[in-house]
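First up is the structure itself, then whatever we jot down about it.
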Amino acid sequence: MVMDANLSVETSRRWVLVVDLDRCTGCQACVVACHAENNVPVVGEKQAGYGRWMHWIIIQRYWEGEYPNVKARFMPVMCQQCTEAPCEPVCPVFATYHNEEGLNAQIYNRCIGTRFCGSACPYKVRTYNWYAPEFPEPLTEQLNPDVTVRTRGIMEKCTFCIQRIRRIEIDAHAAGRIPADGEIQPACVQTCPSNGLFFGNLDDPDSQVSQLARGRRSFRLLPELGTEPGVIYLKGGETNV
Amino acid sequence: MSEPDYTAPEMAQTSPYDERLLLAQRTDSEINQAVLQPMMQTGKGFWALVTILSLIVAWGMYAWGYLIYWGVGVTGKNRPVYWTLFITTFVFWVGISHAGTMISAVLRLLKADWRRPITRGAEAMTAFALLMAALYPLIHLGRIWKFYWMIPYPNNRLMWPNFQSPLMWDLVAIFTYLIGSSLYLYLALIPDMAMARDHTGSWRYKLYRVLALGWRGTEGEWHKLHRALGIFSVAIIPIFLSVHSIVSWDFAVTIQPRWHSTIFAPYFVIGAVYSGLAALASILVVVRRSMRLQEFLRAEHFDALGKLVMIAGMAWVYFWFAGFIVEWYGNEPVVRELIQEEVAGKLAPFFYLQMSANLIPIVLLVFKRVRTTPALLLAATLLINVGMYTERALIVIGSLQRNDIPFNWGTYRPTWVEVSIVAMTFAGFALLYTLFSRIIPFVPVWEIKEGRLRYTMRRIGRLLVPTAAELD
């Protein structure tokens, strides 16, 4: 479980993100927060229109019913951090691999851009740097120094804000304690105005995410594919958005 | 000194067995001249062709440079269509490369005599098509300057490539096949290089002297050559089967709908044989005319090759149907959507083009007249490859446009960069082949002479009958 005693605490961890679809209003605040936190480039209207936007979180919108009884359904989809990730075995250079915390890690420096992982991913949440990244003014003022800016020709995707996980872990380790439940917050979780996102350790049976995951409302995306995602969705009663 | 012109010979039809007797009316030195003479001729048409092909290749190189300079964004790829024309054309060229071995190794083992004049052309096609195919894994990379990270060698990054990845299997399979087929081509070339060495001067003499490896034609040399060719013929067949199987696993090992199929490996192999044999027939028709090799590439060869194409086509239809019926019957939502798109949706024009271009030639090739008339054979076999290219495009690009989550569906439009690079490899293949045909004897002279030795006319009672002896 824990390979590097200097960086990690001696507990087993399986990081999961819980997305409460009953609370999602489709406001895209998580997408903006993610762009800011992870130095995700913006590609402009034309490229975005051609399906080349780089958001690590995609707010999928589906219309249900016929006019006038139309309902909008929102589903934020980010990298599902699969336990059996289809993207991992296909990479020829180990640019994507599984770490001991169950995270599907992406090593930008190793990526040579075969895009095989993108073809293999059933959720299509991997985004590719088609051109050199662009940050129009004043976005350059808020680049996050903890995160690399990716070069053109490589894949990137949601990391569960691994830089935030590591920082809290290191601080907690220095203070001789274990990070408390809910202490680690990816940018999207921190930002969600309707408190629809939760992050935590699934291996801790008392954590909030464990309790939510055991609930009646929980499901995972495309479970029939056997990828065992690390993102758990909640969907219960009728929501009118 | 006036040399007799052997390039446009009168076919003297003296006996009905002449075809089987493989040029019995020619002496050995006449055959040498008949093969060597078209090689030396480089007329206006030849240089015009070389110039045009070179220009297309140069334009393609510019497009490739443009792609490397600006990034993969200059192609029409997007999310979710991450693989497009490059991978399609890659599969196409690997497919084309299959017929060389098919003809040469399989038919050599089966001792099919009609293969003799066409083996060289088939083997050259294999080598050049593989060279073109090998470009695409490089072209499609996002960071081509890091391509060597896929090569297993001890390095300062302490990284070994991931041999779980089908791309690594591809790398191994294609390089094995490229090395194997080049050696196979070269082995069978040595006696002809010696023949050419003994009949040419100036730079050609110097080149052939090096390539002939001091071949003198002794008993021991022939014995070793036959042994080596025998070993290669057996060894290269598993490689040839594995290469296209592995290419199919690039797709089949993913869980992408319509790619995730167990029939893909044999289906791809038979498709490769189908398109490769068809391409060989097209090329032979063109080369026969332009190099005036009518004497060597005769109706019987095209007839046999046409039959082989027809049989491969029927097998392809069977495999296609076996795959399609299961997917259709399975009726999984995304697969249903994809089949709907193909049969009645946006992909329908390509689907019907593919099906008609693959099915009509099979029917045409049933007729001997089509198989033995060069123009008709050319039309039928070119149509097959239009169909096979479209089929690969439908598999690669068509399938990627749809996936399990409807919000992620996409469409793809090719750009000038992709089209130029694809055109570059077609022109590059033609250019290599054209230059090759002027440097290397296109017809394997020693194989023809050897084949002739098999047949003699013997008198049995009152009858004069041809008899075939067992060689080697």
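Ordering of the structure tokens sets the chain letters (A, B, ...); residue numbers start at 1 within each chain; ligands are numbered from 1 in the order shown.
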
Which chain B residues have any atom within 7 Å of an atom of chain A, and for each, what is the nearest pair of atoms with distance in Å to one decimal, counting only C-alpha atoms, rows sorted by chain and number, as a tab-separated table?
residue	atom	partner	partner_atom	distance
B:Trp70	CA	A:Tyr131	CA	6.5
B:Gly71	CA	A:Tyr131	CA	5.2
B:Val72	CA	A:Trp130	CA	5.2
B:Gly73	CA	A:Trp130	CA	4.2
B:Asn78	CA	A:Arg52	CA	5.6
B:Arg79	CA	A:Gly51	CA	5.6
B:Pro80	CA	A:Lys124	CA	6.3
B:Tyr82	CA	A:Ser119	CA	6.1
B:His140	CA	A:Thr114	CA	6.7
B:Leu141	CA	A:Thr114	CA	5.0
B:Gly142	CA	A:Gly153	CA	3.8
B:Arg143	CA	A:Ile112	CA	5.0
B:Lys146	CA	A:Ile112	CA	6.2
B:Phe147	CA	A:Ile112	CA	7.0
B:Trp149	CA	A:Val93	CA	6.7
B:Met150	CA	A:Val93	CA	6.1
B:Pro161	CA	A:Val93	CA	5.0
B:Asn162	CA	A:Pro92	CA	4.8
B:Phe163	CA	A:Pro92	CA	6.9
B:Gln164	CA	A:Pro89	CA	5.5
B:Ser165	CA	A:Val90	CA	4.1
B:Pro166	CA	A:Val90	CA	6.3
B:Leu167	CA	A:Pro92	CA	6.1
B:Met168	CA	A:Pro92	CA	6.0
B:Thr254	CA	A:Ala120	CA	5.3
B:Ile255	CA	A:Ala120	CA	6.5
B:Gln256	CA	A:Ala120	CA	6.4
B:Asn403	CA	A:Pro122	CA	6.9
B:Asp404	CA	A:Pro122	CA	6.5
B:Ile405	CA	A:Tyr123	CA	6.8
B:Phe407	CA	A:Gln60	CA	6.1
B:Asn408	CA	A:Lys124	CA	6.7

Closest contacts (stretch 370-443 of chain B/stretch 274-298 of chain B, max 7 Å, only C-alpha atoms) as a Markdown table:
| residue | atom | partner | partner_atom | distance |
| --- | --- | --- | --- | --- |
| B:Pro374 | CA | B:Val285 | CA | 5.8 |
| B:Leu378 | CA | B:Ser282 | CA | 4.9 |
| B:Thr381 | CA | B:Ala278 | CA | 4.7 |
| B:Leu382 | CA | B:Ser282 | CA | 6.4 |
| B:Ile384 | CA | B:Ser275 | CA | 6.5 |
| B:Asn385 | CA | B:Ser275 | CA | 5.6 |
| B:Met388 | CA | B:Ser275 | CA | 6.4 |

Kindly save the residues from that selection, with N, CA and C atoms included, as a JSON list (two decimals), in the first residue's frame.
[["chain", "number", "residue", "atom", "x", "y", "z"],
["B", 374, "PRO", "N", -6.35, -7.74, -69.08],
["B", 374, "PRO", "CA", -5.66, -6.85, -68.14],
["B", 374, "PRO", "C", -6.51, -5.66, -67.68],
["B", 378, "LEU", "N", -7.62, -5.01, -63.91],
["B", 378, "LEU", "CA", -7.17, -3.80, -63.22],
["B", 378, "LEU", "C", -8.35, -3.09, -62.58],
["B", 381, "THR", "N", -9.66, -5.12, -59.52],
["B", 381, "THR", "CA", -8.79, -5.15, -58.35],
["B", 381, "THR", "C", -8.63, -3.76, -57.73],
["B", 382, "LEU", "N", -8.64, -2.72, -58.57],
["B", 382, "LEU", "CA", -8.59, -1.37, -57.99],
["B", 382, "LEU", "C", -9.85, -1.11, -57.16],
["B", 384, "ILE", "N", -11.55, -3.30, -55.56],
["B", 384, "ILE", "CA", -11.42, -4.02, -54.29],
["B", 384, "ILE", "C", -10.66, -3.15, -53.28],
["B", 385, "ASN", "N", -9.59, -2.51, -53.72],
["B", 385, "ASN", "CA", -8.82, -1.73, -52.75],
["B", 385, "ASN", "C", -9.50, -0.44, -52.35],
["B", 388, "MET", "N", -11.61, -1.84, -49.65],
["B", 388, "MET", "CA", -10.90, -2.21, -48.43],
["B", 388, "MET", "C", -10.43, -0.97, -47.68]]

Two-atom distance - atom CA of A:Pro193, atom CA of A:Ala29 (Å):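 Interatomic distance, atom CA of A:Pro193 to atom CA of A:Ala29: 7.6 Å.
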
What's the 12 Å shell around A:Glu137, counting only C-alpha atoms, without same-chain residues fewer than 6 positions away, as a ChimeraX atom specification? /A:41-42,143

DSSP alpha helix (DSSP H) selection over stretch 28-219 of chain B, as a ChimeraX atom specification: /B:28-40,44-70,85-96,98-101,107-109,119-139,166-187,190-199,202-211,219

Minimum-distance residue to A:Glu169, chosen among A:Val18, A:Asn104, A:Asn109, A:Arg13 (using only C-alpha atoms):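 Nearest to A:Glu169: A:Arg13.
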
Any idea what's packed within 9 Å of A:Ser210, counting only C-alpha atoms, ignoring anything in its chain fewer than 6 positions away? Could you give it as a list in words?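 Those residues are Val16, Gly200, Asn201, Leu202, Asp203 and Asp204 of chain A.
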
Which neighbours of B:Arg402 fall inside 12 Å, counting only C-alpha atoms, when residues of the same chain fewer than 3 positions from it are skipped, and could you give them as a ChimeraX atom specification? /A:119,122-124 /B:79-82,256-259,333-342,347,394-399,405-412

Please, could you write that set of residues out with N, CA and C atoms as a short mmCIF file (atom, residue, chain, number, x, y, z; two decimals), in the first residue's frame?
data_model
loop_
_atom_site.label_atom_id
_atom_site.label_comp_id
_atom_site.auth_asym_id
_atom_site.auth_seq_id
_atom_site.Cartn_x
_atom_site.Cartn_y
_atom_site.Cartn_z
N SER A 119 -8.48 6.69 -27.07
CA SER A 119 -9.36 5.80 -27.81
C SER A 119 -9.90 4.69 -26.92
N PRO A 122 -13.53 4.50 -22.14
CA PRO A 122 -14.95 4.46 -22.50
C PRO A 122 -15.71 5.73 -22.09
N TYR A 123 -15.12 6.51 -21.16
CA TYR A 123 -15.79 7.73 -20.69
C TYR A 123 -15.36 8.95 -21.51
N LYS A 124 -14.31 8.77 -22.32
CA LYS A 124 -13.77 9.84 -23.18
C LYS A 124 -13.49 11.11 -22.37
N ARG B 79 -11.82 15.11 -29.94
CA ARG B 79 -12.30 14.16 -28.94
C ARG B 79 -13.75 13.87 -29.32
N PRO B 80 -14.17 12.66 -29.56
CA PRO B 80 -13.53 11.35 -29.31
C PRO B 80 -12.80 10.72 -30.50
N VAL B 81 -12.72 11.38 -31.64
CA VAL B 81 -12.11 10.71 -32.81
C VAL B 81 -10.60 10.96 -32.77
N TYR B 82 -9.93 10.20 -31.90
CA TYR B 82 -8.50 10.40 -31.69
C TYR B 82 -7.65 9.77 -32.78
N GLN B 256 -13.93 -0.29 -26.88
CA GLN B 256 -14.69 0.57 -27.78
C GLN B 256 -15.71 -0.28 -28.55
N PRO B 257 -16.99 0.11 -28.56
CA PRO B 257 -17.97 -0.67 -29.31
C PRO B 257 -17.57 -0.84 -30.78
N ARG B 258 -17.80 -2.01 -31.30
CA ARG B 258 -17.47 -2.46 -32.66
C ARG B 258 -15.99 -2.77 -32.85
N TRP B 259 -15.12 -2.34 -31.93
CA TRP B 259 -13.73 -2.76 -32.02
C TRP B 259 -13.53 -4.03 -31.20
N PRO B 333 -26.85 -1.27 -27.24
CA PRO B 333 -27.31 0.06 -27.67
C PRO B 333 -26.33 0.81 -28.57
N VAL B 334 -25.06 0.88 -28.20
CA VAL B 334 -24.11 1.66 -29.00
C VAL B 334 -23.83 0.98 -30.33
N VAL B 335 -23.70 -0.35 -30.29
CA VAL B 335 -23.47 -1.09 -31.53
C VAL B 335 -24.66 -0.93 -32.47
N ARG B 336 -25.86 -0.94 -31.86
CA ARG B 336 -27.07 -0.75 -32.67
C ARG B 336 -27.03 0.62 -33.34
N GLU B 337 -26.61 1.62 -32.56
CA GLU B 337 -26.50 2.98 -33.10
C GLU B 337 -25.48 3.03 -34.25
N LEU B 338 -24.34 2.35 -34.04
CA LEU B 338 -23.29 2.35 -35.07
C LEU B 338 -23.76 1.66 -36.34
N ILE B 339 -24.45 0.52 -36.17
CA ILE B 339 -24.94 -0.20 -37.34
C ILE B 339 -26.00 0.64 -38.06
N GLN B 340 -26.83 1.32 -37.26
CA GLN B 340 -27.84 2.20 -37.82
C GLN B 340 -27.18 3.30 -38.65
N GLU B 341 -26.10 3.90 -38.08
CA GLU B 341 -25.36 4.94 -38.80
C GLU B 341 -24.81 4.41 -40.13
N GLU B 342 -24.34 3.17 -40.10
CA GLU B 342 -23.74 2.60 -41.30
C GLU B 342 -24.80 2.26 -42.35
N LEU B 347 -23.03 7.48 -42.23
CA LEU B 347 -21.96 6.66 -42.79
C LEU B 347 -22.44 5.78 -43.94
N LEU B 394 -14.06 2.99 -42.10
CA LEU B 394 -15.30 2.80 -41.32
C LEU B 394 -14.99 2.20 -39.96
N ILE B 395 -14.07 1.24 -39.93
CA ILE B 395 -13.74 0.61 -38.65
C ILE B 395 -13.08 1.63 -37.72
N VAL B 396 -12.05 2.31 -38.24
CA VAL B 396 -11.28 3.19 -37.36
C VAL B 396 -12.06 4.46 -37.04
N ILE B 397 -12.43 5.21 -38.07
CA ILE B 397 -13.03 6.52 -37.84
C ILE B 397 -14.50 6.38 -37.49
N GLY B 398 -15.22 5.54 -38.25
CA GLY B 398 -16.65 5.39 -38.02
C GLY B 398 -16.96 4.97 -36.60
N SER B 399 -16.26 3.93 -36.11
CA SER B 399 -16.56 3.43 -34.77
C SER B 399 -16.25 4.47 -33.70
N ILE B 405 -21.31 6.95 -24.12
CA ILE B 405 -21.99 8.11 -23.55
C ILE B 405 -22.34 9.08 -24.67
N PRO B 406 -23.63 9.24 -24.97
CA PRO B 406 -24.03 10.03 -26.15
C PRO B 406 -23.48 11.46 -26.16
N PHE B 407 -23.25 12.05 -24.99
CA PHE B 407 -22.73 13.42 -24.97
C PHE B 407 -21.34 13.49 -25.61
N ASN B 408 -20.62 12.38 -25.61
CA ASN B 408 -19.26 12.36 -26.15
C ASN B 408 -19.19 11.99 -27.62
N TRP B 409 -20.33 11.90 -28.29
CA TRP B 409 -20.28 11.56 -29.69
C TRP B 409 -19.68 12.71 -30.48
N GLY B 410 -19.05 12.38 -31.59
CA GLY B 410 -18.41 13.44 -32.36
C GLY B 410 -18.42 13.13 -33.84
N THR B 411 -17.94 14.07 -34.63
CA THR B 411 -17.78 13.84 -36.05
C THR B 411 -16.37 14.26 -36.45
N TYR B 412 -15.99 13.84 -37.61
CA TYR B 412 -14.63 14.07 -38.06
C TYR B 412 -14.63 14.60 -39.48
#

B:Leu107: which residues within 10 Å, counting only C-alpha atoms, same-chain residues fewer than 5 positions away excluded, as a PyMOL selection string? chain B and resi 101-102+112-116+119+233

Selected residues written out with N, CA and C atoms, as a PDB file, in the first residue's frame:
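Output file out_23.pdb follows:
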ATOM      1  N   THR B 101       4.174 -12.138 -49.221  1.00  0.00           N
ATOM      2  CA  THR B 101       4.521 -13.392 -48.573  1.00  0.00           C
ATOM      3  C   THR B 101       3.545 -14.480 -48.969  1.00  0.00           C
ATOM      4  N   MET B 102       2.289 -14.088 -49.068  1.00  0.00           N
ATOM      5  CA  MET B 102       1.255 -15.053 -49.449  1.00  0.00           C
ATOM      6  C   MET B 102       1.642 -15.750 -50.749  1.00  0.00           C
ATOM      7  N   ALA B 112       3.517 -24.274 -56.368  1.00  0.00           N
ATOM      8  CA  ALA B 112       2.650 -23.800 -57.451  1.00  0.00           C
ATOM      9  C   ALA B 112       3.537 -23.089 -58.469  1.00  0.00           C
ATOM     10  N   ASP B 113       3.625 -23.651 -59.656  1.00  0.00           N
ATOM     11  CA  ASP B 113       4.582 -23.125 -60.629  1.00  0.00           C
ATOM     12  C   ASP B 113       4.218 -21.767 -61.189  1.00  0.00           C
ATOM     13  N   TRP B 114       2.949 -21.429 -61.185  1.00  0.00           N
ATOM     14  CA  TRP B 114       2.572 -20.154 -61.805  1.00  0.00           C
ATOM     15  C   TRP B 114       3.080 -18.965 -61.000  1.00  0.00           C
ATOM     16  N   ARG B 115       3.536 -19.203 -59.771  1.00  0.00           N
ATOM     17  CA  ARG B 115       4.041 -18.076 -58.970  1.00  0.00           C
ATOM     18  C   ARG B 115       5.342 -17.517 -59.523  1.00  0.00           C
ATOM     19  N   ARG B 116       6.097 -18.364 -60.278  1.00  0.00           N
ATOM     20  CA  ARG B 116       7.490 -18.028 -60.571  1.00  0.00           C
ATOM     21  C   ARG B 116       7.725 -16.614 -61.110  1.00  0.00           C
ATOM     22  N   THR B 119       6.827 -13.594 -58.268  1.00  0.00           N
ATOM     23  CA  THR B 119       7.267 -13.537 -56.866  1.00  0.00           C
ATOM     24  C   THR B 119       8.033 -12.253 -56.547  1.00  0.00           C
ATOM     25  N   SER B 233      10.643 -19.576 -46.118  1.00  0.00           N
ATOM     26  CA  SER B 233       9.234 -19.708 -46.512  1.00  0.00           C
ATOM     27  C   SER B 233       8.409 -20.226 -45.344  1.00  0.00           C
TER      28      SER B 233
END
